[in-house]
$ cat protein.cif   # mmCIF, C-alpha atoms
data_work
loop_
_atom_site.label_atom_id
_atom_site.label_comp_id
_atom_site.auth_asym_id
_atom_site.auth_seq_id
_atom_site.Cartn_x
_atom_site.Cartn_y
_atom_site.Cartn_z
CA MET Z 1 -9.53 -15.47 23.88
CA GLU Z 2 -8.56 -11.85 23.38
CA ILE Z 3 -5.76 -11.38 25.93
CA PRO Z 4 -3.60 -14.43 25.04
CA ALA Z 5 -3.76 -13.40 21.38
CA ILE Z 6 -2.60 -9.88 22.19
CA VAL Z 7 0.19 -11.14 24.45
CA GLY Z 8 1.27 -13.57 21.74
CA ALA Z 9 1.37 -10.81 19.16
CA GLY Z 10 3.38 -8.69 21.58
CA LEU Z 11 5.91 -11.51 22.00
CA VAL Z 12 6.20 -11.92 18.23
CA VAL Z 13 6.76 -8.20 17.81
CA ILE Z 14 9.45 -8.26 20.53
CA GLY Z 15 11.11 -11.14 18.69
CA ALA Z 16 10.91 -9.28 15.40
CA GLY Z 17 12.35 -6.18 17.05
CA ILE Z 18 15.30 -8.14 18.45
CA GLY Z 19 15.84 -9.73 15.04
CA ILE Z 20 15.85 -6.43 13.17
CA GLY Z 21 18.07 -4.93 15.85
CA ARG Z 22 20.59 -7.72 15.42
CA ILE Z 23 20.54 -7.32 11.65
CA GLY Z 24 21.11 -3.58 11.99
CA GLY Z 25 23.90 -4.09 14.53
CA SER Z 26 25.64 -6.70 12.43
CA ALA Z 27 25.36 -4.52 9.35
CA MET Z 28 26.95 -1.66 11.27
CA GLU Z 29 29.86 -3.87 12.29
CA ALA Z 30 30.24 -5.16 8.76
CA ILE Z 31 30.25 -1.63 7.35
CA ALA Z 32 32.82 -0.54 9.94
CA ARG Z 33 35.01 -3.45 8.94
CA GLN Z 34 34.57 -3.02 5.20
CA PRO Z 35 33.35 0.49 4.34
CA GLU Z 36 33.80 -0.16 0.61
CA ALA Z 37 31.04 -2.81 0.69
CA THR Z 38 28.48 -0.45 2.27
CA GLY Z 39 26.03 -0.59 -0.65
CA LYS Z 40 25.90 -4.37 -0.81
CA ILE Z 41 25.59 -4.71 2.97
CA GLN Z 42 22.76 -2.18 3.09
CA THR Z 43 20.82 -4.02 0.38
CA ALA Z 44 21.17 -7.36 2.13
CA MET Z 45 20.25 -5.74 5.44
CA LEU Z 46 17.07 -4.19 4.03
CA ILE Z 47 15.92 -7.47 2.49
CA ALA Z 48 16.49 -9.42 5.69
CA ALA Z 49 14.81 -6.72 7.77
CA ALA Z 50 11.82 -6.69 5.42
CA LEU Z 51 11.43 -10.45 5.72
CA ILE Z 52 11.35 -10.28 9.51
CA GLU Z 53 9.08 -7.27 9.46
CA GLY Z 54 6.58 -9.36 7.49
CA ILE Z 55 6.39 -11.81 10.39
CA GLY Z 56 5.74 -8.97 12.84
CA PHE Z 57 2.92 -7.64 10.73
CA ALA Z 58 1.46 -11.12 10.26
CA ALA Z 59 1.24 -11.37 14.07
CA LEU Z 60 -0.46 -7.99 14.33
CA PHE Z 61 -2.99 -9.08 11.72
CA ALA Z 62 -3.70 -12.34 13.47
CA VAL Z 63 -4.86 -10.23 16.42
CA ASN Z 64 -6.88 -7.90 14.28
CA MET J 1 15.86 27.61 -14.37
CA ARG J 2 12.73 29.72 -14.17
CA ARG J 3 10.61 26.61 -13.79
CA LYS J 4 12.69 25.30 -10.94
CA ILE J 5 12.13 28.44 -8.86
CA SER J 6 8.37 28.52 -9.37
CA LEU J 7 8.01 24.87 -8.31
CA LYS J 8 9.40 25.33 -4.81
CA PRO J 9 6.57 27.34 -3.21
CA ILE J 10 4.00 25.03 -4.82
CA THR J 11 5.65 21.98 -3.29
CA LEU J 12 5.79 23.67 0.09
CA LEU J 13 2.16 24.70 -0.18
CA LEU J 14 1.07 21.17 -1.10
CA PHE J 15 3.00 19.80 1.83
CA LEU J 16 1.44 22.23 4.27
CA LEU J 17 -2.00 21.49 2.83
CA THR J 18 -1.61 17.94 4.12
CA PHE J 19 -2.10 19.29 7.60
CA VAL J 20 -4.85 21.70 6.62
CA SER J 21 -7.02 19.00 5.12
CA PHE J 22 -6.87 17.04 8.35
CA GLY J 23 -7.69 20.09 10.39
CA GLN J 24 -10.73 21.07 8.37
CA ASP J 25 -12.95 18.40 9.82
CA ASP J 26 -12.60 19.00 13.51
CA ALA J 27 -11.85 22.70 13.64
CA GLU J 28 -15.51 23.60 13.97
CA HIS J 29 -16.36 21.49 16.97
CA VAL J 30 -15.53 23.31 20.18
CA GLY J 31 -16.50 22.20 23.67
CA TYR J 32 -16.50 18.45 23.13
CA GLU J 33 -15.65 15.96 25.83
CA ASP J 34 -12.22 14.38 25.44
CA THR J 35 -13.61 10.89 24.90
CA ASP J 36 -15.86 12.20 22.15
CA ARG J 37 -12.93 13.86 20.53
CA ALA J 38 -10.79 10.72 20.75
CA SER J 39 -13.49 8.57 19.19
CA GLU J 40 -14.02 11.21 16.54
CA VAL J 41 -10.33 11.11 15.62
CA LYS J 42 -10.49 7.32 15.54
CA GLU J 43 -13.53 7.39 13.32
CA TYR J 44 -11.86 9.87 11.01
CA ILE J 45 -8.80 7.62 10.67
CA GLN J 46 -10.95 4.57 9.98
CA HIS J 47 -12.88 6.52 7.40
CA HIS J 48 -9.65 7.68 5.78
CA LEU J 49 -8.41 4.10 5.40
CA LYS J 50 -11.55 2.97 3.62
CA ASP J 51 -12.50 3.03 -0.01
CA SER J 52 -15.46 5.21 -0.90
CA TYR J 53 -17.94 5.69 -3.71
CA ASP J 54 -17.45 9.41 -4.10
CA PHE J 55 -14.34 11.50 -4.28
CA ASN J 56 -14.49 13.64 -1.17
CA LEU J 57 -11.66 16.15 -0.89
CA PHE J 58 -12.80 17.61 2.41
CA SER J 59 -15.99 18.36 4.29
CA TYR J 60 -16.98 20.55 7.22
CA THR J 61 -20.01 21.58 9.24
CA THR J 62 -21.19 25.18 9.07
CA ASP J 63 -22.35 27.18 12.08
CA SER J 64 -25.96 26.35 11.29
CA GLY J 65 -25.18 22.63 11.47
CA GLU J 66 -25.23 22.05 7.73
CA GLU J 67 -22.67 19.64 6.32
CA LYS J 68 -20.69 20.82 3.31
CA HIS J 69 -18.80 18.39 1.11
CA PHE J 70 -16.21 19.27 -1.50
CA GLY J 71 -15.44 16.68 -4.13
CA PHE J 72 -17.05 14.96 -7.06
CA PRO J 73 -19.17 11.81 -7.46
CA LEU J 74 -17.89 8.70 -9.23
CA PRO J 75 -19.89 6.21 -11.29
CA VAL J 76 -21.47 3.25 -9.54
CA ILE J 77 -21.81 0.11 -11.62
CA LEU J 78 -23.93 -2.69 -10.20
CA TRP J 79 -25.06 -6.02 -11.56
CA ASP J 80 -28.40 -6.84 -10.00
CA ASN J 81 -30.86 -8.43 -12.45
CA GLY J 82 -29.24 -6.42 -15.19
CA LEU J 83 -26.61 -3.75 -15.41
CA LYS J 84 -27.27 -0.59 -13.40
CA VAL J 85 -25.08 2.45 -13.84
CA PHE J 86 -25.66 5.63 -11.88
CA SER J 87 -23.77 8.45 -10.22
CA SER J 88 -22.75 8.07 -6.59
CA SER J 89 -24.26 11.52 -5.92
CA LYS J 90 -27.57 9.65 -5.57
CA PHE J 91 -26.37 8.33 -2.22
CA HIS J 92 -25.86 11.87 -0.90
CA HIS J 93 -22.57 10.86 0.76
CA GLY J 94 -23.99 7.61 2.06
CA GLU J 95 -26.87 9.22 3.91
CA GLU J 96 -29.76 8.41 1.59
CA VAL J 97 -31.21 5.45 -0.27
CA ALA J 98 -30.65 5.52 -4.02
CA GLU J 99 -33.48 4.33 -6.23
CA VAL J 100 -32.42 2.97 -9.63
CA ASP J 101 -34.75 1.08 -12.03
CA GLY J 102 -36.92 -0.23 -9.22
CA GLY J 103 -33.99 -1.29 -6.97
CA PHE J 104 -33.13 0.43 -3.70
CA TYR J 105 -29.53 0.65 -2.53
CA LYS J 106 -27.86 2.03 0.55
CA VAL J 107 -24.21 2.45 1.51
CA HIS J 108 -23.28 0.84 4.81
CA HIS J 109 -19.64 0.79 5.99
CA SER J 110 -18.41 1.55 2.45
CA LYS J 111 -20.36 -1.32 0.90
CA ILE J 112 -23.56 -1.16 -1.15
CA TYR J 113 -26.53 -3.19 0.13
CA LYS J 114 -30.04 -3.71 -1.16
CA VAL J 115 -32.82 -2.33 1.01
CA GLU J 116 -36.62 -2.43 0.86
CA GLY J 117 -38.11 0.82 -0.38
CA THR J 118 -36.91 4.39 0.09
CA ASN J 119 -37.01 4.20 3.88
CA GLY J 120 -35.34 0.78 3.96
CA GLU J 121 -32.97 0.04 6.80
CA ILE J 122 -29.84 -2.05 7.00
CA ILE J 123 -30.55 -5.07 9.20
CA GLU J 124 -27.67 -6.24 11.37
CA ASP J 125 -27.10 -9.55 13.11
CA GLU J 126 -25.63 -9.85 16.61
CA HIS J 127 -22.07 -9.38 15.32
CA HIS J 128 -23.00 -6.10 13.63
CA HIS J 129 -22.69 -7.58 10.16
CA ALA J 130 -25.34 -6.43 7.74
CA ILE J 131 -27.47 -9.32 6.49
CA ASN J 132 -29.00 -7.42 3.56
CA GLU J 133 -28.42 -8.76 0.07
CA LYS J 134 -25.40 -7.37 -1.76
CA PRO J 135 -25.49 -6.68 -5.50
CA LEU J 136 -22.41 -7.49 -7.61
CA ASP J 137 -20.34 -4.35 -7.47
CA PHE J 138 -18.07 -3.18 -10.31
CA SER J 139 -18.10 0.48 -9.34
CA ILE J 140 -15.37 2.95 -10.20
CA THR J 141 -14.61 3.73 -6.57
CA LYS J 142 -11.95 6.10 -5.30
CA ASN J 143 -9.34 3.34 -5.38
CA VAL J 144 -10.22 2.25 -8.90
CA PHE J 145 -10.11 5.87 -9.95
CA LEU J 146 -6.60 6.17 -8.52
CA ILE J 147 -5.47 3.04 -10.37
CA PHE J 148 -6.67 4.63 -13.62
CA LEU J 149 -5.04 7.93 -12.72
CA VAL J 150 -1.67 6.35 -11.94
CA PHE J 151 -1.94 4.25 -15.08
CA GLY J 152 -2.55 7.44 -17.05
CA ILE J 153 0.33 9.28 -15.40
CA MET J 154 2.75 6.42 -15.94
CA PHE J 155 1.68 5.87 -19.53
CA PHE J 156 2.00 9.58 -20.34
CA MET J 157 5.31 9.97 -18.51
CA PHE J 158 7.06 6.93 -19.92
CA SER J 159 5.77 7.17 -23.47
CA ARG J 160 6.97 10.78 -23.56
CA MET J 161 10.27 9.68 -22.12
CA ALA J 162 10.68 6.99 -24.77
CA LYS J 163 9.90 9.50 -27.50
CA ALA J 164 12.40 11.97 -26.08
CA TYR J 165 15.11 9.31 -26.16
CA LYS J 166 14.35 8.54 -29.78
CA ASN J 167 14.38 12.19 -30.87
CA ASN J 168 17.48 12.99 -28.86
CA ASN J 169 19.83 10.21 -30.03
CA GLY J 170 19.49 8.24 -26.81
CA MET J 171 20.24 11.15 -24.53
CA PRO J 172 17.88 11.69 -21.59
CA LYS J 173 15.79 14.84 -21.52
CA GLY J 174 13.28 16.32 -19.06
CA THR J 175 11.78 13.63 -16.81
CA GLY J 176 14.21 11.15 -18.32
CA ARG J 177 17.09 12.87 -16.59
CA PHE J 178 15.48 12.22 -13.24
CA LEU J 179 14.14 8.74 -13.96
CA GLU J 180 17.03 7.25 -15.94
CA PRO J 181 19.19 6.58 -12.86
CA ILE J 182 16.22 4.90 -11.18
CA VAL J 183 15.50 2.70 -14.18
CA LEU J 184 19.18 1.81 -14.42
CA TYR J 185 19.22 1.10 -10.68
CA VAL J 186 16.33 -1.34 -11.05
CA ARG J 187 18.20 -3.05 -13.90
CA ASP J 188 21.74 -3.09 -12.51
CA GLU J 189 21.12 -3.48 -8.79
CA ILE J 190 17.84 -5.38 -8.63
CA ALA J 191 17.25 -7.40 -11.79
CA ILE J 192 20.73 -8.53 -12.87
CA PRO J 193 22.12 -9.63 -9.47
CA ASN J 194 18.94 -11.47 -8.50
CA ILE J 195 17.79 -12.97 -11.79
CA GLY J 196 21.06 -13.28 -13.71
CA GLU J 197 22.48 -11.87 -16.94
CA LYS J 198 20.79 -14.52 -19.05
CA HIS J 199 17.14 -14.16 -18.14
CA TYR J 200 16.71 -10.72 -16.63
CA LYS J 201 15.41 -9.00 -19.77
CA ARG J 202 12.15 -10.95 -19.75
CA TYR J 203 11.26 -9.61 -16.29
CA MET J 204 12.42 -6.02 -16.64
CA SER J 205 9.06 -4.71 -17.86
CA TYR J 206 7.22 -6.18 -14.88
CA LEU J 207 9.81 -5.11 -12.33
CA LEU J 208 9.89 -1.53 -13.62
CA THR J 209 6.11 -1.34 -13.79
CA VAL J 210 5.60 -2.65 -10.29
CA PHE J 211 8.36 -0.44 -8.87
CA PHE J 212 7.00 2.78 -10.32
CA PHE J 213 3.38 1.83 -9.71
CA VAL J 214 3.89 1.11 -6.03
CA TRP J 215 6.10 4.15 -5.60
CA ILE J 216 3.74 6.61 -7.29
CA VAL J 217 0.73 5.15 -5.50
CA ASN J 218 2.49 5.41 -2.14
CA LEU J 219 3.39 9.01 -2.87
CA PHE J 220 -0.23 9.75 -3.78
CA GLY J 221 -1.21 8.38 -0.39
CA LEU J 222 0.85 11.14 1.23
CA THR J 223 -0.76 14.00 -0.69
CA PRO J 224 -3.63 15.98 0.85
CA ILE J 225 -6.01 14.45 -1.70
CA GLY J 226 -6.25 11.57 0.73
CA MET J 227 -6.19 8.75 -1.78
CA ASN J 228 -4.34 5.65 -0.85
CA LEU J 229 -4.30 2.44 -2.69
CA THR J 230 -1.66 0.26 -1.09
CA ASN J 231 -3.60 0.18 2.18
CA ASN J 232 -6.30 -1.70 0.35
CA ILE J 233 -5.42 -5.36 0.73
CA ALA J 234 -7.16 -6.29 -2.54
CA VAL J 235 -4.69 -4.16 -4.50
CA THR J 236 -1.60 -5.63 -2.86
CA LEU J 237 -3.18 -9.07 -3.27
CA CYS J 238 -3.36 -8.53 -7.02
CA LEU J 239 0.23 -7.30 -7.21
CA ALA J 240 1.43 -10.30 -5.21
CA LEU J 241 -0.72 -12.62 -7.32
CA ILE J 242 0.93 -11.37 -10.51
CA THR J 243 4.35 -12.05 -8.97
CA TYR J 244 3.18 -15.50 -7.95
CA LEU J 245 1.83 -16.32 -11.41
CA ILE J 246 4.99 -15.12 -13.17
CA THR J 247 7.14 -17.14 -10.76
CA THR J 248 5.03 -20.25 -11.21
CA PHE J 249 4.86 -20.10 -14.98
CA SER J 250 8.53 -19.30 -15.49
CA GLY J 251 9.68 -22.05 -13.13
CA ASN J 252 12.04 -24.45 -14.90
CA LYS J 253 12.72 -28.12 -14.26
CA ASN J 254 15.32 -27.28 -11.65
CA TYR J 255 12.87 -25.11 -9.68
CA TRP J 256 10.17 -27.76 -9.49
CA LYS J 257 12.71 -30.42 -8.67
CA HIS J 258 13.82 -28.40 -5.67
CA ILE J 259 10.23 -28.18 -4.52
CA PHE J 260 8.98 -31.74 -4.99
CA TRP J 261 12.15 -33.82 -4.79
CA MET J 262 14.89 -31.82 -3.07
CA PRO J 263 18.22 -33.16 -4.31
CA GLY J 264 20.98 -33.98 -1.87
CA VAL J 265 18.85 -35.02 1.12
CA PRO J 266 17.74 -38.52 2.22
CA VAL J 267 14.43 -39.86 0.90
CA PRO J 268 12.34 -39.56 4.14
CA MET J 269 13.47 -35.96 4.36
CA LYS J 270 12.42 -35.38 0.74
CA ILE J 271 8.91 -36.53 1.56
CA ILE J 272 8.72 -34.15 4.53
CA LEU J 273 10.21 -31.25 2.60
CA ALA J 274 7.89 -31.44 -0.42
CA PRO J 275 4.71 -30.10 1.28
CA ILE J 276 6.72 -27.48 3.16
CA GLU J 277 8.35 -26.23 -0.02
CA LEU J 278 5.01 -26.27 -1.82
CA LEU J 279 3.46 -24.21 0.97
CA GLY J 280 6.47 -21.90 0.79
CA THR J 281 5.64 -20.96 -2.80
CA ILE J 282 2.32 -19.56 -1.55
CA ILE J 283 3.64 -18.03 1.66
CA LYS J 284 6.24 -15.96 -0.22
CA PRO J 285 3.75 -13.88 -2.24
CA PHE J 286 1.42 -13.83 0.77
CA ALA J 287 4.14 -12.17 2.83
CA LEU J 288 4.72 -9.78 -0.06
CA MET J 289 1.05 -8.79 0.08
CA ILE J 290 0.92 -8.36 3.87
CA ARG J 291 4.19 -6.45 4.03
CA LEU J 292 3.20 -3.73 1.59
CA TYR J 293 -0.34 -3.44 2.95
CA ALA J 294 0.64 -3.39 6.62
CA ASN J 295 3.53 -0.99 6.22
CA ILE J 296 1.47 1.62 4.44
CA THR J 297 -1.57 1.17 6.68
CA ALA J 298 0.52 1.38 9.85
CA GLY J 299 2.29 4.48 8.54
CA HIS J 300 -0.98 6.22 7.79
CA VAL J 301 -2.56 5.31 11.12
CA VAL J 302 0.44 6.56 13.09
CA LEU J 303 0.73 9.76 11.08
CA MET J 304 -2.96 10.56 11.40
CA SER J 305 -3.09 9.68 15.08
CA ILE J 306 -0.29 12.13 15.77
CA ILE J 307 -2.06 14.83 13.80
CA GLY J 308 -5.24 13.91 15.68
CA MET J 309 -3.42 14.58 18.96
CA ILE J 310 -3.55 18.30 18.14
CA PHE J 311 -7.29 18.16 18.85
CA LEU J 312 -6.79 16.15 22.01
CA PHE J 313 -4.09 18.34 23.57
CA GLN J 314 -5.82 21.64 22.87
CA ASN J 315 -2.79 23.68 23.96
CA TRP J 316 0.04 25.20 22.05
CA ILE J 317 2.83 23.05 23.51
CA GLY J 318 1.19 19.73 22.69
CA SER J 319 -0.08 20.91 19.35
CA SER J 320 3.24 22.27 18.16
CA LEU J 321 4.97 19.10 19.32
CA SER J 322 2.43 17.03 17.41
CA LEU J 323 2.96 19.14 14.34
CA LEU J 324 6.73 18.75 14.57
CA LEU J 325 6.44 15.00 15.07
CA ALA J 326 3.98 14.74 12.18
CA PHE J 327 6.39 16.67 9.98
CA VAL J 328 9.26 14.31 10.79
CA LEU J 329 7.00 11.28 10.33
CA ALA J 330 5.76 12.58 6.99
CA ILE J 331 9.37 12.74 5.81
CA LEU J 332 9.94 9.23 7.13
CA GLU J 333 6.85 8.12 5.21
CA LEU J 334 8.38 9.53 2.03
CA LEU J 335 11.32 7.20 2.63
CA VAL J 336 9.01 4.28 3.42
CA ALA J 337 7.06 4.90 0.20
CA ALA J 338 10.21 4.39 -1.87
CA LEU J 339 11.57 1.64 0.38
CA GLN J 340 8.44 -0.50 0.10
CA ALA J 341 8.44 -0.16 -3.67
CA TYR J 342 12.09 -1.20 -3.63
CA ILE J 343 11.50 -4.18 -1.33
CA PHE J 344 8.55 -5.39 -3.37
CA THR J 345 10.64 -5.23 -6.55
CA VAL J 346 13.71 -6.86 -5.00
CA LEU J 347 11.73 -9.75 -3.55
CA SER J 348 9.82 -10.26 -6.82
CA ALA J 349 13.16 -10.36 -8.64
CA LEU J 350 14.50 -12.79 -6.05
CA TYR J 351 11.57 -15.16 -6.62
CA PHE J 352 11.93 -14.92 -10.40
CA GLY J 353 15.63 -15.62 -9.96
CA MET J 354 14.82 -18.79 -7.99
CA ALA J 355 12.42 -19.89 -10.71
CA VAL J 356 14.88 -19.56 -13.59
CA GLU J 357 18.06 -20.59 -11.81
CA GLU J 358 20.16 -23.08 -13.79
CA HIS J 359 21.19 -26.39 -12.38
CA HIS J 360 24.51 -26.54 -10.52
CA ASP J 361 25.85 -30.02 -9.91
CA GLU J 362 28.35 -29.08 -7.28
CA ALA J 363 26.16 -26.65 -5.34
CA HIS J 364 24.35 -29.13 -3.12
#

$ encode --input "protein.cif" --output "structure tokens"
Amino acid sequence: MEIPAIVGAGLVVIGAGIGIGRIGGSAMEAIARQPEATGKIQTAMLIAAALIEGIGFAALFAVN
Amino acid sequence: MRRKISLKPITLLLFLLTFVSFGQDDAEHVGYEDTDRASEVKEYIQHHLKDSYDFNLFSYTTDSGEEKHFGFPLPVILWDNGLKVFSSSKFHHGEEVAEVDGGFYKVHHSKIYKVEGTNGEIIEDEHHHAINEKPLDFSITKNVFLIFLVFGIMFFMFSRMAKAYKNNNGMPKGTGRFLEPIVLYVRDEIAIPNIGEKHYKRYMSYLLTVFFFVWIVNLFGLTPIGMNLTNNIAVTLCLALITYLITTFSGNKNYWKHIFWMPGVPVPMKIILAPIELLGTIIKPFALMIRLYANITAGHVVLMSIIGMIFLFQNWIGSSLSLLLAFVLAILELLVAALQAYIFTVLSALYFGMAVEEHHDEAH
């Protein structure tokens, strides 16, 4: 009961980490391509990262 | 100019005090086993995350084994066959049974339970849940006290700001100079792009309130007073609930149509989509609640664990490393405090924007 839940939460957190990493990477590329749009890109990046982060936390709470 | 100079050492002192208040508790115990120390740190963190009935600034044990507490009691308000109001000092920091008008109450894991008589015990079932009766609790706990305090601070700050604008022909003065860019940022970068020129004014008061409330509360959580509000899930639940209610009640025809009868997709798909979309309206504020709560809780746990490592390492290399790491993390937490307030406001604005969006024929 306990161990599968913890492993599952770990997998979700890995997924969330990859997701946030991809968002950050893409935002970097976008900023490098269009430095004048930095502000807008950062805002969009933060919102998307926050949405994924929510999933990661939901997984951690399911274990708790 | 004079004021600016005098503020700097006070800020530094307050920041350093953050570490001192953590240290106070364990400094006296020498010669413990490592496992004892680890569990003690864990217990301290768990205690820190909980709400309490009295306002305890710090406490320590003297050489003679006597526990000293510094703080002040808060009122306890119970409804148990009539209203019962008494000071939380009657609990003696949760160690004794309080007798009030013939009722006996004891604090157990930060909750008040009824017990039998002055020597009454808390009875636990096999899952370590107390099975004693619980009275209805409306107490002004530490968290409620902080809500009132932040309410007072915000009311004082912003009413003074408004007055200053009126007396100064619309020019910012004092706190206004610092806060005006933030207020304008919330309007120009959060409200208008997400809600739209036409409707944004209706939601500005809520967005500004929630932004500054969450921000100030998060900042309070980082002070040595040790009060945090946003790691209480009931508080974030209420904030998210308000967002949910505003979204639901300001939803126009277009919004509900997109939920129950999604235009532009085949009929079988519409039937499948309706319950999913309906569930989505609840999941959105739920995620809002979890996000704020979990971020702040996780930040506090990590920060306090790293400070707790000082007592586990017991040597100057480990301790100074912990201190350095805690310092960097504390600065990161300052960023997170503002970022979470920002995210909460942006997402609320996004949901309001969805609710009031006008119909576009060509958009599907």

$ resolve_selection --input "protein.cif" --expression "the PyMOL selection byres ((chain Z) within 12 of (chain J))" --output "PyMOL selection string"
chain Z and resi 39-40+43-62+64

$ write_last_selection --input "protein.cif" --atoms "C-alpha atoms" --output "CSV table (one decimal), in the coordinates of the input"
chain,number,residue,atom,x,y,z
Z,39,GLY,CA,26.0,-0.6,-0.6
Z,40,LYS,CA,25.9,-4.4,-0.8
Z,43,THR,CA,20.8,-4.0,0.4
Z,44,ALA,CA,21.2,-7.4,2.1
Z,45,MET,CA,20.2,-5.7,5.4
Z,46,LEU,CA,17.1,-4.2,4.0
Z,47,ILE,CA,15.9,-7.5,2.5
Z,48,ALA,CA,16.5,-9.4,5.7
Z,49,ALA,CA,14.8,-6.7,7.8
Z,50,ALA,CA,11.8,-6.7,5.4
Z,51,LEU,CA,11.4,-10.4,5.7
Z,52,ILE,CA,11.4,-10.3,9.5
Z,53,GLU,CA,9.1,-7.3,9.5
Z,54,GLY,CA,6.6,-9.4,7.5
Z,55,ILE,CA,6.4,-11.8,10.4
Z,56,GLY,CA,5.7,-9.0,12.8
Z,57,PHE,CA,2.9,-7.6,10.7
Z,58,ALA,CA,1.5,-11.1,10.3
Z,59,ALA,CA,1.2,-11.4,14.1
Z,60,LEU,CA,-0.5,-8.0,14.3
Z,61,PHE,CA,-3.0,-9.1,11.7
Z,62,ALA,CA,-3.7,-12.3,13.5
Z,64,ASN,CA,-6.9,-7.9,14.3

$ atom_distance --input "protein.cif" --atom1 "CA of Arg37 in chain J" --atom2 "CA of Gly318 in chain J"
15.4 Å

$ residues_around --input "protein.cif" --residues "range 250-260 of chain J" --least-positions-apart "5" --cutoff "12 Å" --atoms "all atoms listed in the file" --output "mmCIF file with C-alpha atoms, in the coordinates of the input"
data_model
loop_
_atom_site.group_PDB
_atom_site.id
_atom_site.type_symbol
_atom_site.label_atom_id
_atom_site.label_comp_id
_atom_site.auth_asym_id
_atom_site.auth_seq_id
_atom_site.Cartn_x
_atom_site.Cartn_y
_atom_site.Cartn_z
ATOM 1 C CA ILE J 195 17.790 -12.970 -11.790
ATOM 2 C CA HIS J 199 17.140 -14.160 -18.140
ATOM 3 C CA TYR J 200 16.710 -10.720 -16.630
ATOM 4 C CA ARG J 202 12.150 -10.950 -19.750
ATOM 5 C CA TYR J 203 11.260 -9.610 -16.290
ATOM 6 C CA THR J 243 4.350 -12.050 -8.970
ATOM 7 C CA TYR J 244 3.180 -15.500 -7.950
ATOM 8 C CA LEU J 245 1.830 -16.320 -11.410
ATOM 9 C CA VAL J 265 18.850 -35.020 1.120
ATOM 10 C CA VAL J 267 14.430 -39.860 0.900
ATOM 11 C CA MET J 269 13.470 -35.960 4.360
ATOM 12 C CA LYS J 270 12.420 -35.380 0.740
ATOM 13 C CA ILE J 271 8.910 -36.530 1.560
ATOM 14 C CA ILE J 272 8.720 -34.150 4.530
ATOM 15 C CA LEU J 273 10.210 -31.250 2.600
ATOM 16 C CA ALA J 274 7.890 -31.440 -0.420
ATOM 17 C CA PRO J 275 4.710 -30.100 1.280
ATOM 18 C CA ILE J 276 6.720 -27.480 3.160
ATOM 19 C CA GLU J 277 8.350 -26.230 -0.020
ATOM 20 C CA LEU J 278 5.010 -26.270 -1.820
ATOM 21 C CA LEU J 279 3.460 -24.210 0.970
ATOM 22 C CA GLY J 280 6.470 -21.900 0.790
ATOM 23 C CA THR J 281 5.640 -20.960 -2.800
ATOM 24 C CA TYR J 351 11.570 -15.160 -6.620
ATOM 25 C CA PHE J 352 11.930 -14.920 -10.400
ATOM 26 C CA GLY J 353 15.630 -15.620 -9.960
ATOM 27 C CA MET J 354 14.820 -18.790 -7.990
ATOM 28 C CA ALA J 355 12.420 -19.890 -10.710
ATOM 29 C CA VAL J 356 14.880 -19.560 -13.590
ATOM 30 C CA GLU J 357 18.060 -20.590 -11.810
ATOM 31 C CA GLU J 358 20.160 -23.080 -13.790
ATOM 32 C CA HIS J 359 21.190 -26.390 -12.380
ATOM 33 C CA HIS J 360 24.510 -26.540 -10.520
ATOM 34 C CA ASP J 361 25.850 -30.020 -9.910
ATOM 35 C CA HIS J 364 24.350 -29.130 -3.120
#

$ atom_distance --input "protein.cif" --atom1 "CA of Asp137 in chain J" --atom2 "CA of Val107 in chain J"
11.9 Å

$ atom_distance --input "protein.cif" --atom1 "CA of Val85 in chain J" --atom2 "CA of Phe70 in chain J"
22.7 Å

$ closest_residue --input "protein.cif" --among "Z:Val7, Z:Gln42, Z:Val12, Z:Ala37" --to "Gly24 in chain Z" --atoms "only C-alpha atoms"
Z:Gln42

$ closest_residue --input "protein.cif" --among "J:Ser64, J:Ser52, J:Ser89, J:Ser305" --to "Ser139 in chain J" --atoms "only C-alpha atoms"
J:Ser52

$ resolve_selection --input "protein.cif" --expression "the PyMOL selection byres ((chain J and resi 90) around 10)" --output "MDAnalysis selection string"
chainID J and resid 73 76 86:89 91:100 105:106

$ residues_around --input "protein.cif" --residues "range 209-214 of chain J" --least-positions-apart "4" --cutoff "7 Å" --atoms "all atoms listed in the file" --output "ChimeraX atom specification"
/J:205,218,341-342,345

$ write_last_selection --input "protein.cif" --atoms "C-alpha atoms" --output "CSV table (one decimal), keeping the file's coordinate frame"
chain,number,residue,atom,x,y,z
J,205,SER,CA,9.1,-4.7,-17.9
J,218,ASN,CA,2.5,5.4,-2.1
J,341,ALA,CA,8.4,-0.2,-3.7
J,342,TYR,CA,12.1,-1.2,-3.6
J,345,THR,CA,10.6,-5.2,-6.6

$ resolve_selection --input "protein.cif" --expression "the PyMOL selection byres ((chain J and resi 323) around 12)" --output "PyMOL selection string"
chain J and resi 16+18-20+22-23+303-311+313+316-322+324-330

$ decode --input "protein.cif" --residues "range 345-356 of chain J" --atoms "C-alpha atoms" --output "compact mmCIF listing (two decimals), in the first residue's frame"
# COMPACT_ATOMS: atom_id res chain seq x y z
CA THR J 345 -3.67 36.71 -8.75
CA VAL J 346 -2.84 35.87 -12.37
CA LEU J 347 -4.76 32.60 -12.30
CA SER J 348 -7.75 34.23 -10.57
CA ALA J 349 -7.73 36.92 -13.27
CA LEU J 350 -7.47 34.21 -15.94
CA TYR J 351 -10.55 32.44 -14.57
CA PHE J 352 -12.50 35.69 -14.34
CA GLY J 353 -11.45 36.41 -17.91
CA MET J 354 -12.84 33.05 -19.04
CA ALA J 355 -16.09 33.78 -17.25
CA VAL J 356 -16.72 37.16 -18.87
